[in-house]
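**Q** Below are the structure tokens for one structure; questions will follow.
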There are 2 protein chains.
Amino acid sequence: MNLRKNSYMERIASKQNKKVKELKKLATAKGRKKSDQYLIESWHLVQEAINNLPKKDVISIFVTDDQYLEHGSDLKDLNVISISDEIASEIASTSTTQGIFALCKINNQSLLDVKLDGAWLLLDDIQDPGNIGTMVRTADAAGFAGVIFGDGTASQYNSKVQRSMQGSQFHIKLVKAPLSSAVEKLKLQKTPIYGTELNPDAVNYKEITPLSDFALIMGNEGNGMNKSLLKETTNNLYIPIKGKAESLNVAIAAAVIMFQIIK
Amino acid sequence: MNLRKNSYMERIASKQNKKVKELKKLATAKGRKKSDQYLIESWHLVQEAINNLPKKDVISIFVTDDQYLEHGSDLKDLNVISISDEIASEIASTSTTQGIFALCKINNQSLLDVKLDGAWLLLDDIQDPGNIGTMVRTADAAGFAGVIFGDGTASQYNSKVQRSMQGSQFHIKLVKAPLSSAVEKLKLQKTPIYGTELNPDAVNYKEITPLSDFALIMGNEGNGMNKSLLKETTNNLYIPIKGKAESLNVAIAAAVIMFQIIK
């Protein structure tokens, strides 16, 4: 089955199609930067994008016949392009793709444009896309206002990060900025800033009285937070380890502290 | 370089070697069950196994020349078998293997043999090996006595589960048992049992007064806990979601509750 009878709908069935080549370039940071676009995948994320992004930022929907049958009625007024299953596999970032994608405009919010009210999670040189996505999802659930992606942290537009954020990228603010600038701005507005370290000389996280406006910084999986940033914080927190585990996964540690200290 | 000059050391360089074929069979549950053995990988885990398992349960160490140079002095009194880099890749479960492995005896502790004192985490039909491993590691860090792997939960001897437990498998008790039996035993000894559900009618986890002896049950990633188990608990807990996220990752939810309710 194909949907050629819908004569209004553009269809791509050749891998040599220029659009396919352009979409494939979005798998790299370089490709995304050049076009200022990124691709998301799966009905759940496409739906969240449609519901939450400004309409002009959802450039096109790429959809297989099966997915169009299932979700076509939710795709009205969008620039929908029909693709073959083969093209879906070609542009997918996973081996088991559903066959529905949204091409979206990158919206790089600058630190200057964002009010740092409420609770903010700051990511310092976090490498693992799964950890990053999980932290954004957890920050959303915990009631945080946003997440700042500091230097060295994988991009929010990386497909694995997109996937593991599970829609939370469309619920809270995500900003890319050097953490030194973010910390400077937070200090000017007198927002408490909590660093984290694996050091019992730091403050037990349970001693913090829950509050509404604060920033929490999580550091690199292996090396922890940047040493110079540790000196700029209001307090540095640690989670006492009772058993023989050497450390906690960074997304786990972030969750335990976030849910404890937010009011 | 090879270590043939160490004439006392067995060396395997052929993929056709019978031991290699046997080791490869341990990648499946069937193979592990038949031989009652499992394979762990990386110096960190091998070292934890040597330091924590009864000596008779560490059957052999398989090591490349490079790894032997680095760790040979820690492998005295063990049955060390030298392997080529090619064999290391052949038996490894990851594409970037360090080249050091321990063949260990499976030690299936029965529920009857284990005292259910302290805090216990019960896993009900948890599928993702990374989630399981992270929960075991977190339970260790939080001071739990052990983890019970209920029906449908991936095996503790699965290589991905082993890897993500990061050594905690050697620090706390891991038991495979139907959760109905575990719950029955816990009830007989009057230990509070907390289930978890995504339902605001359940008890907010922050309302539980921290305690030392209890059981916490986490359910399947998609479907939550088994409905009949939910009826057997002292209380069912939920974590209030403040933002727009639909749910928390199961390992994140487990961590937030574990660190909150353990004394």
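How things are named: the first chain in the structure tokens is A, the next is B, and so on; residues count from 1 in each chain; ligands count from 1 in the order shown.
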Please, which residues of chain B lie no more than 8 Å from chain A when the count uses only C-alpha atoms, and can they be set out as number ranges by chain?
**A** B: 134, 137-138, 140-144, 167-168, 171, 241-249, 251-252, 255-256, 259
**Q** Taking N, CA, C and O atoms for each residue, export the selection above as a JSON list (two decimals), in the first residue's frame.
**A**
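Dumped to part.json:
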```json
[["chain", "number", "residue", "atom", "x", "y", "z"],
["B", 134, "THR", "N", 21.62, -0.91, 37.73],
["B", 134, "THR", "CA", 21.66, 0.38, 38.43],
["B", 134, "THR", "C", 20.92, 0.29, 39.76],
["B", 134, "THR", "O", 21.37, 0.84, 40.77],
["B", 137, "ARG", "N", 23.16, -1.52, 42.25],
["B", 137, "ARG", "CA", 24.24, -0.61, 42.67],
["B", 137, "ARG", "C", 23.71, 0.45, 43.66],
["B", 137, "ARG", "O", 24.34, 0.75, 44.67],
["B", 138, "THR", "N", 22.52, 0.98, 43.36],
["B", 138, "THR", "CA", 21.94, 2.01, 44.22],
["B", 138, "THR", "C", 21.53, 1.41, 45.57],
["B", 138, "THR", "O", 21.71, 2.04, 46.62],
["B", 140, "ASP", "N", 22.90, -1.08, 47.08],
["B", 140, "ASP", "CA", 24.17, -1.23, 47.81],
["B", 140, "ASP", "C", 24.55, 0.11, 48.46],
["B", 140, "ASP", "O", 24.78, 0.19, 49.67],
["B", 141, "ALA", "N", 24.56, 1.18, 47.66],
["B", 141, "ALA", "CA", 24.96, 2.49, 48.16],
["B", 141, "ALA", "C", 24.03, 2.99, 49.26],
["B", 141, "ALA", "O", 24.45, 3.70, 50.18],
["B", 142, "ALA", "N", 22.76, 2.64, 49.18],
["B", 142, "ALA", "CA", 21.78, 3.13, 50.15],
["B", 142, "ALA", "C", 21.78, 2.30, 51.44],
["B", 142, "ALA", "O", 21.10, 2.66, 52.40],
["B", 143, "GLY", "N", 22.54, 1.22, 51.45],
["B", 143, "GLY", "CA", 22.63, 0.41, 52.67],
["B", 143, "GLY", "C", 21.64, -0.74, 52.74],
["B", 143, "GLY", "O", 21.36, -1.25, 53.82],
["B", 144, "PHE", "N", 21.12, -1.16, 51.59],
["B", 144, "PHE", "CA", 20.21, -2.30, 51.58],
["B", 144, "PHE", "C", 20.96, -3.61, 51.82],
["B", 144, "PHE", "O", 22.14, -3.73, 51.51],
["B", 167, "GLY", "N", 30.07, -4.17, 40.50],
["B", 167, "GLY", "CA", 30.72, -4.72, 41.69],
["B", 167, "GLY", "C", 29.75, -4.92, 42.86],
["B", 167, "GLY", "O", 30.05, -5.67, 43.79],
["B", 168, "SER", "N", 28.62, -4.23, 42.81],
["B", 168, "SER", "CA", 27.67, -4.36, 43.93],
["B", 168, "SER", "C", 27.11, -5.76, 44.05],
["B", 168, "SER", "O", 26.62, -6.16, 45.11],
["B", 171, "HIS", "N", 28.66, -7.29, 46.93],
["B", 171, "HIS", "CA", 28.56, -6.58, 48.21],
["B", 171, "HIS", "C", 27.29, -6.89, 48.97],
["B", 171, "HIS", "O", 27.27, -6.85, 50.19],
["B", 241, "ILE", "N", 4.48, 13.67, 40.81],
["B", 241, "ILE", "CA", 5.14, 14.27, 39.65],
["B", 241, "ILE", "C", 4.68, 15.72, 39.58],
["B", 241, "ILE", "O", 3.48, 15.97, 39.45],
["B", 242, "LYS", "N", 5.63, 16.64, 39.67],
["B", 242, "LYS", "CA", 5.24, 18.06, 39.68],
["B", 242, "LYS", "C", 5.19, 18.66, 38.29],
["B", 242, "LYS", "O", 4.41, 19.54, 38.03],
["B", 243, "GLY", "N", 6.06, 18.22, 37.40],
["B", 243, "GLY", "CA", 6.10, 18.79, 36.06],
["B", 243, "GLY", "C", 5.16, 18.06, 35.12],
["B", 243, "GLY", "O", 4.15, 17.49, 35.54],
["B", 244, "LYS", "N", 5.53, 18.04, 33.84],
["B", 244, "LYS", "CA", 4.68, 17.41, 32.84],
["B", 244, "LYS", "C", 5.19, 16.04, 32.39],
["B", 244, "LYS", "O", 4.64, 15.44, 31.47],
["B", 245, "ALA", "N", 6.28, 15.56, 33.02],
["B", 245, "ALA", "CA", 6.77, 14.22, 32.67],
["B", 245, "ALA", "C", 5.71, 13.20, 33.03],
["B", 245, "ALA", "O", 5.01, 13.35, 34.03],
["B", 246, "GLU", "N", 5.56, 12.17, 32.19],
["B", 246, "GLU", "CA", 4.52, 11.19, 32.45],
["B", 246, "GLU", "C", 4.89, 10.22, 33.56],
["B", 246, "GLU", "O", 4.05, 9.68, 34.25],
["B", 247, "SER", "N", 6.19, 9.98, 33.69],
["B", 247, "SER", "CA", 6.64, 9.01, 34.68],
["B", 247, "SER", "C", 8.13, 9.21, 34.91],
["B", 247, "SER", "O", 8.78, 10.00, 34.22],
["B", 248, "LEU", "N", 8.63, 8.47, 35.88],
["B", 248, "LEU", "CA", 10.08, 8.44, 36.11],
["B", 248, "LEU", "C", 10.62, 7.11, 35.61],
["B", 248, "LEU", "O", 9.92, 6.11, 35.62],
["B", 249, "ASN", "N", 11.88, 7.11, 35.21],
["B", 249, "ASN", "CA", 12.57, 5.84, 34.95],
["B", 249, "ASN", "C", 12.51, 5.00, 36.23],
["B", 249, "ASN", "O", 12.61, 5.54, 37.33],
["B", 251, "ALA", "N", 14.56, 2.96, 37.67],
["B", 251, "ALA", "CA", 15.75, 2.98, 38.54],
["B", 251, "ALA", "C", 15.83, 4.31, 39.30],
["B", 251, "ALA", "O", 16.30, 4.37, 40.44],
["B", 252, "ILE", "N", 15.36, 5.38, 38.65],
["B", 252, "ILE", "CA", 15.32, 6.69, 39.29],
["B", 252, "ILE", "C", 14.30, 6.67, 40.43],
["B", 252, "ILE", "O", 14.57, 7.11, 41.55],
["B", 255, "ALA", "N", 15.55, 4.74, 43.37],
["B", 255, "ALA", "CA", 16.60, 5.46, 44.11],
["B", 255, "ALA", "C", 15.99, 6.52, 45.02],
["B", 255, "ALA", "O", 16.36, 6.65, 46.20],
["B", 256, "VAL", "N", 15.04, 7.28, 44.49],
["B", 256, "VAL", "CA", 14.43, 8.37, 45.25],
["B", 256, "VAL", "C", 13.74, 7.79, 46.49],
["B", 256, "VAL", "O", 13.90, 8.30, 47.61],
["B", 259, "PHE", "N", 16.46, 6.04, 49.12],
["B", 259, "PHE", "CA", 17.22, 6.99, 49.94],
["B", 259, "PHE", "C", 16.32, 7.76, 50.91],
["B", 259, "PHE", "O", 16.78, 8.24, 51.93]]
```
**Q** Among region 52-127 of chain B, which residues does DSSP mark as strand (DSSP E) when it is run on the backbone? Keep the chain and numbering as in the structure and answer as a PyMOL selection string.
**A** chain B and resi 58-63+80-83+100-105+119-123
**Q** Restricting it to N, CA, C and O atoms, dump the selection as a short mmCIF file (atom, residue, chain, number, x, y, z; two decimals), in the first residue's frame.
**A**
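What follows is the written file result.cif:
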```cif
data_model
loop_
_atom_site.label_atom_id
_atom_site.label_comp_id
_atom_site.auth_asym_id
_atom_site.auth_seq_id
_atom_site.Cartn_x
_atom_site.Cartn_y
_atom_site.Cartn_z
N VAL B 58 35.68 -18.94 42.18
CA VAL B 58 36.40 -18.31 41.07
C VAL B 58 37.17 -19.41 40.36
O VAL B 58 38.26 -19.81 40.77
N ILE B 59 36.58 -19.96 39.31
CA ILE B 59 37.10 -21.18 38.69
C ILE B 59 38.37 -20.91 37.88
O ILE B 59 39.37 -21.59 38.05
N SER B 60 38.32 -19.92 37.00
CA SER B 60 39.49 -19.60 36.18
C SER B 60 39.50 -18.11 35.86
O SER B 60 38.45 -17.48 35.79
N ILE B 61 40.71 -17.59 35.62
CA ILE B 61 40.86 -16.24 35.10
C ILE B 61 41.41 -16.36 33.68
O ILE B 61 42.38 -17.09 33.45
N PHE B 62 40.80 -15.68 32.74
CA PHE B 62 41.28 -15.66 31.35
C PHE B 62 41.85 -14.26 31.10
O PHE B 62 41.15 -13.27 31.32
N VAL B 63 43.10 -14.23 30.64
CA VAL B 63 43.75 -12.92 30.61
C VAL B 63 44.67 -12.78 29.38
O VAL B 63 45.39 -13.71 29.03
N VAL B 80 45.02 -19.34 36.29
CA VAL B 80 45.08 -18.31 35.25
C VAL B 80 45.36 -18.95 33.90
O VAL B 80 46.25 -19.78 33.77
N ILE B 81 44.58 -18.57 32.91
CA ILE B 81 44.75 -19.09 31.55
C ILE B 81 45.00 -17.93 30.62
O ILE B 81 44.25 -16.94 30.60
N SER B 82 46.10 -18.00 29.89
CA SER B 82 46.49 -16.93 28.99
C SER B 82 45.70 -17.04 27.68
O SER B 82 45.50 -18.14 27.16
N ILE B 83 45.23 -15.91 27.18
CA ILE B 83 44.48 -15.93 25.91
C ILE B 83 45.02 -14.85 24.97
O ILE B 83 45.57 -13.84 25.42
N ILE B 100 40.28 -9.16 30.24
CA ILE B 100 40.42 -9.97 31.46
C ILE B 100 39.04 -10.42 31.93
O ILE B 100 38.10 -9.63 31.96
N PHE B 101 38.94 -11.70 32.24
CA PHE B 101 37.65 -12.35 32.53
C PHE B 101 37.81 -13.29 33.72
O PHE B 101 38.88 -13.85 33.93
N ALA B 102 36.72 -13.49 34.45
CA ALA B 102 36.71 -14.55 35.47
C ALA B 102 35.54 -15.46 35.20
O ALA B 102 34.42 -15.00 34.97
N LEU B 103 35.83 -16.75 35.20
CA LEU B 103 34.77 -17.75 35.10
C LEU B 103 34.38 -18.11 36.53
O LEU B 103 35.24 -18.54 37.31
N CYS B 104 33.13 -17.88 36.87
CA CYS B 104 32.70 -18.06 38.27
C CYS B 104 31.57 -19.08 38.37
O CYS B 104 30.83 -19.30 37.42
N LYS B 105 31.47 -19.66 39.54
CA LYS B 105 30.41 -20.62 39.80
C LYS B 105 29.14 -19.87 40.19
O LYS B 105 29.17 -18.96 41.00
N ALA B 119 16.97 -3.88 54.95
CA ALA B 119 16.14 -3.39 53.85
C ALA B 119 16.37 -4.25 52.61
O ALA B 119 17.50 -4.59 52.29
N TRP B 120 15.29 -4.60 51.95
CA TRP B 120 15.36 -5.44 50.74
C TRP B 120 14.61 -4.77 49.60
O TRP B 120 13.52 -4.23 49.78
N LEU B 121 15.22 -4.87 48.42
CA LEU B 121 14.57 -4.38 47.20
C LEU B 121 14.07 -5.58 46.42
O LEU B 121 14.83 -6.53 46.18
N LEU B 122 12.79 -5.56 46.03
CA LEU B 122 12.21 -6.68 45.28
C LEU B 122 11.87 -6.22 43.86
O LEU B 122 11.17 -5.21 43.69
N LEU B 123 12.38 -6.95 42.88
CA LEU B 123 12.20 -6.55 41.48
C LEU B 123 11.14 -7.43 40.82
O LEU B 123 11.32 -8.63 40.67
#
```
**Q** Looking only at the backbone, which of the residues in region 13-252 of chain B does DSSP tag as helix (DSSP H, G or I), as a ChimeraX atom specification?
**A** /B:18-25,29-35,43-52,55-57,65-74,85-91,111-113,129-142,159-165,168-170,179-188,205-207,227-230,250-252
**Q** Rounded to one decimal, what separation in Å do you get between CA of Ile126 (chain B) and CA of Lys34 (chain B)?
**A**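 Interatomic distance, CA of Ile126 (chain B) to CA of Lys34 (chain B): 23.8 Å.
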**Q** Find the residues near Arg163 (chain B): any atom within 8 Å, counting only C-alpha atoms, skip ones fewer than 3 places away on the same chain, and give them as a ChimeraX atom specification.
**A** /B:40-41,45,133,159-160,166
**Q** List the neighbours of Val114 (chain B) out to 9 Å using only C-alpha atoms; skip same-chain residues closer than 5 positions along the sequence, and give me the result as a ChimeraX atom specification.
**A** /B:109,173,175
**Q** Could you save the residues just selected, with C-alpha atoms, as a tab-separated table (two decimals), in the first residue's frame?
**A**
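Contents of the output file part.tsv:
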```tsv
chain	number	residue	atom	x	y	z
B	109	GLN	CA	20.85	-18.73	47.03
B	173	LYS	CA	22.78	-10.51	48.75
B	175	VAL	CA	18.35	-13.92	45.47
```
**Q** Please indicate the distance in Å from CA of Glu10 (chain A) to CA of Ser93 (chain A), rounded to one decimal place.
**A**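 Distance between the two atoms: 22.6 Å.
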**Q** Can you measure CA of Leu26 (chain B) to CA of Asp128 (chain A) for me? One decimal in Å is fine.
**A**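 According to the coordinates, CA of Leu26 (chain B) and CA of Asp128 (chain A) are separated by 28.6 Å.
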